[in-house]
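So this block is my_file13.pdb, PDB, N, CA, C and O atoms:
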```
ATOM      1  N   TYR O  16      14.817  -3.009  18.982
ATOM      2  CA  TYR O  16      13.963  -4.173  18.882
ATOM      3  C   TYR O  16      13.486  -4.428  17.459
ATOM      4  O   TYR O  16      12.827  -5.427  17.206
ATOM      5  N   GLU O  17      13.790  -3.515  16.554
ATOM      6  CA  GLU O  17      13.326  -3.634  15.179
ATOM      7  C   GLU O  17      13.797  -4.922  14.497
ATOM      8  O   GLU O  17      12.986  -5.575  13.827
ATOM      9  N   PRO O  18      15.052  -5.350  14.643
ATOM     10  CA  PRO O  18      15.441  -6.621  14.013
ATOM     11  C   PRO O  18      14.641  -7.823  14.522
ATOM     12  O   PRO O  18      14.282  -8.713  13.744
ATOM     13  N   GLU O  19      14.328  -7.839  15.816
ATOM     14  CA  GLU O  19      13.511  -8.920  16.373
ATOM     15  C   GLU O  19      12.107  -8.905  15.775
ATOM     16  O   GLU O  19      11.547  -9.957  15.459
ATOM     17  N   ILE O  20      11.550  -7.723  15.631
ATOM     18  CA  ILE O  20      10.207  -7.591  15.078
ATOM     19  C   ILE O  20      10.190  -8.058  13.624
ATOM     20  O   ILE O  20       9.321  -8.832  13.213
ATOM     21  N   ARG O  21      11.151  -7.594  12.840
ATOM     22  CA  ARG O  21      11.177  -7.970  11.416
ATOM     23  C   ARG O  21      11.397  -9.461  11.239
ATOM     24  O   ARG O  21      10.826 -10.084  10.349
ATOM     25  N   ARG O  22      12.193 -10.074  12.103
ATOM     26  CA  ARG O  22      12.406 -11.518  12.025
ATOM     27  C   ARG O  22      11.101 -12.249  12.326
ATOM     28  O   ARG O  22      10.736 -13.205  11.635
ATOM     29  N   ALA O  23      10.375 -11.787  13.329
ATOM     30  CA  ALA O  23       9.092 -12.401  13.665
ATOM     31  C   ALA O  23       8.098 -12.251  12.510
ATOM     32  O   ALA O  23       7.334 -13.174  12.216
ATOM     33  N   ILE O  24       8.139 -11.122  11.846
ATOM     34  CA  ILE O  24       7.249 -10.897  10.701
ATOM     35  C   ILE O  24       7.591 -11.859   9.577
ATOM     36  O   ILE O  24       6.709 -12.513   9.002
ATOM     37  N   ARG O  25       8.862 -11.952   9.243
ATOM     38  CA  ARG O  25       9.267 -12.831   8.138
ATOM     39  C   ARG O  25       8.945 -14.289   8.426
ATOM     40  O   ARG O  25       8.586 -15.040   7.515
ATOM     41  N   LEU O  26       9.052 -14.702   9.684
ATOM     42  CA  LEU O  26       8.725 -16.075  10.040
ATOM     43  C   LEU O  26       7.231 -16.366   9.903
ATOM     44  O   LEU O  26       6.844 -17.498   9.611
ATOM     45  N   ARG O  27       6.403 -15.361  10.106
ATOM     46  CA  ARG O  27       4.961 -15.563  10.069
ATOM     47  C   ARG O  27       4.355 -15.311   8.696
ATOM     48  O   ARG O  27       3.251 -15.768   8.424
ATOM     49  N   MET O  28       5.045 -14.585   7.848
ATOM     50  CA  MET O  28       4.522 -14.321   6.502
ATOM     51  C   MET O  28       5.013 -15.413   5.555
ATOM     52  O   MET O  28       5.929 -15.209   4.770
ATOM     53  N   THR O  29       4.353 -16.559   5.614
ATOM     54  CA  THR O  29       4.781 -17.698   4.812
ATOM     55  C   THR O  29       4.066 -17.759   3.463
ATOM     56  O   THR O  29       4.565 -18.401   2.550
ATOM     57  N   ASP O  30       2.936 -17.099   3.344
ATOM     58  CA  ASP O  30       2.173 -17.115   2.097
ATOM     59  C   ASP O  30       2.838 -16.181   1.085
ATOM     60  O   ASP O  30       2.995 -14.984   1.345
ATOM     61  N   PRO O  31       3.227 -16.705  -0.092
ATOM     62  CA  PRO O  31       3.880 -15.850  -1.098
ATOM     63  C   PRO O  31       2.987 -14.704  -1.569
ATOM     64  O   PRO O  31       3.489 -13.626  -1.877
ATOM     65  N   ARG O  32       1.676 -14.925  -1.612
ATOM     66  CA  ARG O  32       0.767 -13.840  -2.024
ATOM     67  C   ARG O  32       0.812 -12.701  -1.024
ATOM     68  O   ARG O  32       0.783 -11.529  -1.404
ATOM     69  N   LEU O  33       0.899 -13.047   0.246
ATOM     70  CA  LEU O  33       0.971 -12.034   1.291
ATOM     71  C   LEU O  33       2.290 -11.269   1.208
ATOM     72  O   LEU O  33       2.312 -10.052   1.362
ATOM     73  N   ARG O  34       3.362 -11.966   0.936
ATOM     74  CA  ARG O  34       4.667 -11.305   0.813
ATOM     75  C   ARG O  34       4.732 -10.356  -0.373
ATOM     76  O   ARG O  34       5.453  -9.360  -0.343
ATOM     77  N   ARG O  35       3.987 -10.679  -1.440
ATOM     78  CA  ARG O  35       3.977  -9.796  -2.608
ATOM     79  C   ARG O  35       3.245  -8.497  -2.319
ATOM     80  O   ARG O  35       3.572  -7.451  -2.861
ATOM     81  N   VAL O  36       2.230  -8.564  -1.469
ATOM     82  CA  VAL O  36       1.373  -7.417  -1.213
ATOM     83  C   VAL O  36       1.876  -6.563  -0.046
ATOM     84  O   VAL O  36       1.761  -5.346  -0.069
ATOM     85  N   ILE O  37       2.448  -7.202   0.959
ATOM     86  CA  ILE O  37       2.817  -6.510   2.195
ATOM     87  C   ILE O  37       4.309  -6.639   2.445
ATOM     88  O   ILE O  37       4.867  -7.727   2.386
ATOM     89  N   ASP O  38       4.931  -5.522   2.750
ATOM     90  CA  ASP O  38       6.356  -5.492   3.068
ATOM     91  C   ASP O  38       6.532  -5.634   4.583
ATOM     92  O   ASP O  38       5.746  -5.092   5.365
ATOM     93  N   SER O  39       7.565  -6.349   4.983
ATOM     94  CA  SER O  39       7.799  -6.553   6.413
ATOM     95  C   SER O  39       8.067  -5.237   7.136
ATOM     96  O   SER O  39       7.708  -5.074   8.305
ATOM     97  N   MET O  40       8.672  -4.294   6.454
ATOM     98  CA  MET O  40       8.955  -2.998   7.082
ATOM     99  C   MET O  40       7.663  -2.228   7.353
ATOM    100  O   MET O  40       7.550  -1.535   8.370
ATOM    101  N   ASP O  41       6.674  -2.356   6.466
ATOM    102  CA  ASP O  41       5.387  -1.697   6.690
ATOM    103  C   ASP O  41       4.696  -2.255   7.935
ATOM    104  O   ASP O  41       4.150  -1.505   8.745
ATOM    105  N   VAL O  42       4.738  -3.572   8.086
ATOM    106  CA  VAL O  42       4.140  -4.199   9.262
ATOM    107  C   VAL O  42       4.901  -3.770  10.514
ATOM    108  O   VAL O  42       4.302  -3.450  11.543
ATOM    109  N   CYS O  43       6.213  -3.722  10.429
ATOM    110  CA  CYS O  43       7.045  -3.323  11.566
ATOM    111  C   CYS O  43       6.700  -1.903  12.008
ATOM    112  O   CYS O  43       6.515  -1.642  13.203
ATOM    113  N   GLN O  44       6.600  -0.986  11.065
ATOM    114  CA  GLN O  44       6.270   0.394  11.399
ATOM    115  C   GLN O  44       4.873   0.509  11.994
ATOM    116  O   GLN O  44       4.645   1.277  12.927
ATOM    117  N   SER O  45       3.949  -0.276  11.476
ATOM    118  CA  SER O  45       2.589  -0.262  12.005
ATOM    119  C   SER O  45       2.556  -0.772  13.441
ATOM    120  O   SER O  45       1.881  -0.188  14.297
ATOM    121  N   VAL O  46       3.285  -1.840  13.709
ATOM    122  CA  VAL O  46       3.342  -2.401  15.065
ATOM    123  C   VAL O  46       3.977  -1.397  16.018
ATOM    124  O   VAL O  46       3.462  -1.151  17.115
ATOM    125  N   LEU O  47       5.086  -0.805  15.617
ATOM    126  CA  LEU O  47       5.759   0.156  16.496
ATOM    127  C   LEU O  47       4.907   1.398  16.735
ATOM    128  O   LEU O  47       4.852   1.906  17.863
ATOM    129  N   ALA O  48       4.228   1.885  15.696
ATOM    130  CA  ALA O  48       3.363   3.056  15.863
ATOM    131  C   ALA O  48       2.242   2.751  16.844
ATOM    132  O   ALA O  48       1.941   3.550  17.746
ATOM    133  N   ASN O  49       1.627   1.588  16.688
ATOM    134  CA  ASN O  49       0.559   1.178  17.589
ATOM    135  C   ASN O  49       1.087   1.027  19.015
ATOM    136  O   ASN O  49       0.435   1.447  19.980
ATOM    137  N   PHE O  50       2.272   0.446  19.140
ATOM    138  CA  PHE O  50       2.866   0.278  20.468
ATOM    139  C   PHE O  50       3.098   1.624  21.151
ATOM    140  O   PHE O  50       2.746   1.807  22.318
ATOM    141  N   PHE O  51       3.694   2.576  20.439
ATOM    142  CA  PHE O  51       4.020   3.859  21.060
ATOM    143  C   PHE O  51       2.764   4.646  21.430
ATOM    144  O   PHE O  51       2.750   5.346  22.452
ATOM    145  N   VAL O  52       1.720   4.537  20.636
ATOM    146  CA  VAL O  52       0.462   5.201  20.987
ATOM    147  C   VAL O  52      -0.097   4.614  22.279
ATOM    148  O   VAL O  52      -0.504   5.340  23.191
ATOM    149  N   ARG O  53      -0.082   3.292  22.364
ATOM    150  CA  ARG O  53      -0.646   2.640  23.544
ATOM    151  C   ARG O  53       0.227   2.808  24.788
ATOM    152  O   ARG O  53      -0.292   2.953  25.892
ATOM    153  N   VAL O  54       1.538   2.777  24.627
ATOM    154  CA  VAL O  54       2.408   2.922  25.800
ATOM    155  C   VAL O  54       2.317   4.353  26.340
ATOM    156  O   VAL O  54       2.385   4.565  27.552
ATOM    157  N   SER O  55       2.144   5.337  25.466
ATOM    158  CA  SER O  55       2.011   6.714  25.945
ATOM    159  C   SER O  55       0.678   6.917  26.657
ATOM    160  O   SER O  55       0.563   7.800  27.506
ATOM    161  N   ALA O  56      -0.314   6.088  26.324
ATOM    162  CA  ALA O  56      -1.605   6.154  27.006
ATOM    163  C   ALA O  56      -1.596   5.360  28.308
ATOM    164  O   ALA O  56      -2.582   5.357  29.042
ATOM    165  N   GLY O  57      -0.495   4.669  28.594
ATOM    166  CA  GLY O  57      -0.364   3.931  29.839
ATOM    167  C   GLY O  57      -1.041   2.572  29.835
ATOM    168  O   GLY O  57      -1.366   2.034  30.892
ATOM    169  N   GLN O  58      -1.246   1.989  28.668
ATOM    170  CA  GLN O  58      -1.940   0.706  28.586
ATOM    171  C   GLN O  58      -1.057  -0.486  28.938
ATOM    172  O   GLN O  58      -1.584  -1.556  29.224
ATOM    173  N   TYR O  59       0.249  -0.311  28.888
ATOM    174  CA  TYR O  59       1.151  -1.438  29.121
ATOM    175  C   TYR O  59       1.952  -1.217  30.388
ATOM    176  O   TYR O  59       2.372  -0.103  30.696
ATOM    177  N   ASP O  60       2.196  -2.316  31.086
ATOM    178  CA  ASP O  60       3.026  -2.296  32.289
ATOM    179  C   ASP O  60       4.140  -3.315  32.077
ATOM    180  O   ASP O  60       3.995  -4.487  32.424
ATOM    181  N   LEU O  61       5.233  -2.864  31.489
ATOM    182  CA  LEU O  61       6.335  -3.753  31.125
ATOM    183  C   LEU O  61       7.502  -3.532  32.071
ATOM    184  O   LEU O  61       7.949  -2.403  32.274
ATOM    185  N   HIS O  62       8.000  -4.624  32.651
ATOM    186  CA  HIS O  62       9.087  -4.515  33.613
ATOM    187  C   HIS O  62      10.412  -5.051  33.079
ATOM    188  O   HIS O  62      11.468  -4.627  33.528
ATOM    189  N   ARG O  63      10.338  -5.982  32.147
ATOM    190  CA  ARG O  63      11.563  -6.591  31.624
ATOM    191  C   ARG O  63      11.570  -6.494  30.102
ATOM    192  O   ARG O  63      10.519  -6.368  29.473
ATOM    193  N   SER O  64      12.744  -6.575  29.519
ATOM    194  CA  SER O  64      12.839  -6.521  28.063
ATOM    195  C   SER O  64      12.182  -7.743  27.428
ATOM    196  O   SER O  64      11.654  -7.649  26.319
ATOM    197  N   GLU O  65      12.164  -8.873  28.134
ATOM    198  CA  GLU O  65      11.496 -10.070  27.610
ATOM    199  C   GLU O  65       9.994  -9.840  27.478
ATOM    200  O   GLU O  65       9.358 -10.341  26.547
ATOM    201  N   ASP O  66       9.433  -9.075  28.409
ATOM    202  CA  ASP O  66       8.013  -8.743  28.338
ATOM    203  C   ASP O  66       7.719  -7.894  27.109
ATOM    204  O   ASP O  66       6.717  -8.100  26.420
ATOM    205  N   LEU O  67       8.600  -6.955  26.838
ATOM    206  CA  LEU O  67       8.434  -6.086  25.679
ATOM    207  C   LEU O  67       8.522  -6.894  24.392
ATOM    208  O   LEU O  67       7.692  -6.735  23.492
ATOM    209  N   ILE O  68       9.502  -7.758  24.286
ATOM    210  CA  ILE O  68       9.654  -8.574  23.077
ATOM    211  C   ILE O  68       8.440  -9.476  22.893
ATOM    212  O   ILE O  68       7.908  -9.601  21.781
ATOM    213  N   ALA O  69       7.966 -10.088  23.959
ATOM    214  CA  ALA O  69       6.786 -10.955  23.866
ATOM    215  C   ALA O  69       5.562 -10.157  23.412
ATOM    216  O   ALA O  69       4.772 -10.643  22.590
ATOM    217  N   LEU O  70       5.405  -8.958  23.922
ATOM    218  CA  LEU O  70       4.286  -8.114  23.519
ATOM    219  C   LEU O  70       4.386  -7.751  22.041
ATOM    220  O   LEU O  70       3.409  -7.857  21.297
ATOM    221  N   LEU O  71       5.569  -7.322  21.606
ATOM    222  CA  LEU O  71       5.743  -6.930  20.214
ATOM    223  C   LEU O  71       5.533  -8.107  19.260
ATOM    224  O   LEU O  71       4.923  -7.948  18.199
ATOM    225  N   VAL O  72       5.998  -9.285  19.637
ATOM    226  CA  VAL O  72       5.802 -10.477  18.802
ATOM    227  C   VAL O  72       4.314 -10.832  18.731
ATOM    228  O   VAL O  72       3.810 -11.213  17.672
ATOM    229  N   ALA O  73       3.603 -10.689  19.830
ATOM    230  CA  ALA O  73       2.157 -10.942  19.813
ATOM    231  C   ALA O  73       1.442  -9.933  18.916
ATOM    232  O   ALA O  73       0.525 -10.294  18.172
ATOM    233  N   MET O  74       1.885  -8.678  18.961
ATOM    234  CA  MET O  74       1.305  -7.664  18.085
ATOM    235  C   MET O  74       1.591  -7.988  16.625
ATOM    236  O   MET O  74       0.721  -7.801  15.759
ATOM    237  N   VAL O  75       2.790  -8.477  16.346
ATOM    238  CA  VAL O  75       3.150  -8.887  14.979
ATOM    239  C   VAL O  75       2.237 -10.016  14.527
ATOM    240  O   VAL O  75       1.702  -9.990  13.412
ATOM    241  N   ARG O  76       2.081 -11.014  15.375
ATOM    242  CA  ARG O  76       1.239 -12.158  15.026
ATOM    243  C   ARG O  76      -0.169 -11.689  14.665
ATOM    244  O   ARG O  76      -0.731 -12.076  13.640
ATOM    245  N   ASN O  77      -0.732 -10.830  15.485
ATOM    246  CA  ASN O  77      -2.085 -10.335  15.226
ATOM    247  C   ASN O  77      -2.152  -9.500  13.950
ATOM    248  O   ASN O  77      -3.117  -9.608  13.188
ATOM    249  N   LYS O  78      -1.151  -8.691  13.720
ATOM    250  CA  LYS O  78      -1.136  -7.835  12.533
ATOM    251  C   LYS O  78      -1.033  -8.675  11.261
ATOM    252  O   LYS O  78      -1.738  -8.419  10.271
ATOM    253  N   VAL O  79      -0.186  -9.695  11.260
ATOM    254  CA  VAL O  79      -0.032 -10.551  10.085
ATOM    255  C   VAL O  79      -1.310 -11.346   9.832
ATOM    256  O   VAL O  79      -1.746 -11.480   8.687
ATOM    257  N   VAL O  80      -1.942 -11.835  10.887
ATOM    258  CA  VAL O  80      -3.209 -12.556  10.730
ATOM    259  C   VAL O  80      -4.277 -11.634  10.149
ATOM    260  O   VAL O  80      -5.022 -12.029   9.248
ATOM    261  N   ASP O  81      -4.347 -10.404  10.628
ATOM    262  CA  ASP O  81      -5.317  -9.447  10.092
ATOM    263  C   ASP O  81      -5.071  -9.175   8.616
ATOM    264  O   ASP O  81      -6.008  -9.121   7.816
ATOM    265  N   GLN O  82      -3.810  -8.997   8.253
ATOM    266  CA  GLN O  82      -3.478  -8.735   6.851
ATOM    267  C   GLN O  82      -3.825  -9.932   5.969
ATOM    268  O   GLN O  82      -4.309  -9.771   4.853
ATOM    269  N   ALA O  83      -3.566 -11.133   6.458
ATOM    270  CA  ALA O  83      -3.892 -12.342   5.700
ATOM    271  C   ALA O  83      -5.406 -12.464   5.507
ATOM    272  O   ALA O  83      -5.872 -12.843   4.436
ATOM    273  N   ARG O  84      -6.160 -12.144   6.525
ATOM    274  CA  ARG O  84      -7.628 -12.179   6.415
ATOM    275  C   ARG O  84      -8.123 -11.165   5.383
ATOM    276  O   ARG O  84      -9.026 -11.451   4.607
ATOM    277  N   ARG O  85      -7.537  -9.990   5.393
ATOM    278  CA  ARG O  85      -7.931  -8.970   4.392
ATOM    279  C   ARG O  85      -7.606  -9.446   2.989
ATOM    280  O   ARG O  85      -8.392  -9.225   2.064
ATOM    281  N   LEU O  86      -6.478 -10.070   2.811
ATOM    282  CA  LEU O  86      -6.084 -10.571   1.500
ATOM    283  C   LEU O  86      -7.053 -11.655   1.030
ATOM    284  O   LEU O  86      -7.451 -11.663  -0.135
ATOM    285  N   GLN O  87      -7.425 -12.558   1.916
ATOM    286  CA  GLN O  87      -8.362 -13.622   1.545
ATOM    287  C   GLN O  87      -9.756 -13.068   1.265
ATOM    288  O   GLN O  87     -10.476 -13.594   0.423
ATOM    289  N   ALA O  88     -10.146 -11.997   1.953
ATOM    290  CA  ALA O  88     -11.462 -11.400   1.728
ATOM    291  C   ALA O  88     -11.552 -10.739   0.360
ATOM    292  O   ALA O  88     -12.609 -10.731  -0.255
ATOM    293  N   ASP O  89     -10.407 -10.215  -0.098
ATOM    294  CA  ASP O  89     -10.408  -9.573  -1.412
ATOM    295  C   ASP O  89     -10.494 -10.624  -2.478
ATOM    296  O   ASP O  89     -11.098 -10.581  -3.443
TER
END
```
Final structure tokens representation of the file:
Amino acid sequence: YEPEIRRAIRLRMTDPRLRRVIDSMDVCQSVLANFFVRVSAGQYDLHRSEDLIALLVAMVRNKVVDQARRLQAD
């Protein structure tokens, strides 16, 4: 699922300042690490691969928004 995640990241990181500061691979690893911690804790109930992709894309969206907010705060 990593190529799907990285594509979603690149589509959402439209600000050049954000792209200079944050690498898409760093965001991808952060999303996957967070996902695996939560799935091992039993927080997710995923039945189809489409559900997993939708969840990961939502996590990407939230992560990119958080990073953009941090950049603007600085």
Atom C of Arg63 of chain O to atom C of Tyr16 of chain O measures 13.0 Å
Kindly provide, as lines of an AutoDock Vina configuration file, the centre and edge lengths (Å, one decimal) of an axis-aligned box around all atoms of segment 50-53 of chain O given in the file, with 5 Å on each side.
```
center_x = 1.7
center_y = 2.8
center_z = 22.5
size_x = 14.7
size_y = 15.1
size_z = 16.8
```
To test your reading of the syntax: which residues would the PyMOL selection byres (((chain O and resi 76-80 and name CA) around 10) and name CA) return for the file shown? Reply as a VMD selection string.
chain O and resid 23 to 28 33 37 39 42 to 43 45 to 46 70 to 75 81 to 86
Rounded to one decimal, what separation in Å do you get between atom N of Asp41 of chain O and atom N of Pro18 of chain O?
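Atom N of Asp41 of chain O sits 12.1 Å away from atom N of Pro18 of chain O.
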According to DSSP computed on the backbone, where in chain O is there alpha helix (DSSP H)? Give the residues as a ChimeraX atom specification.
/O:17-27,31-36,39-55,64-88
Hey, can you check how far atom O of Met40 of chain O sits from atom CA of Leu67 of chain O?
17.9 Å
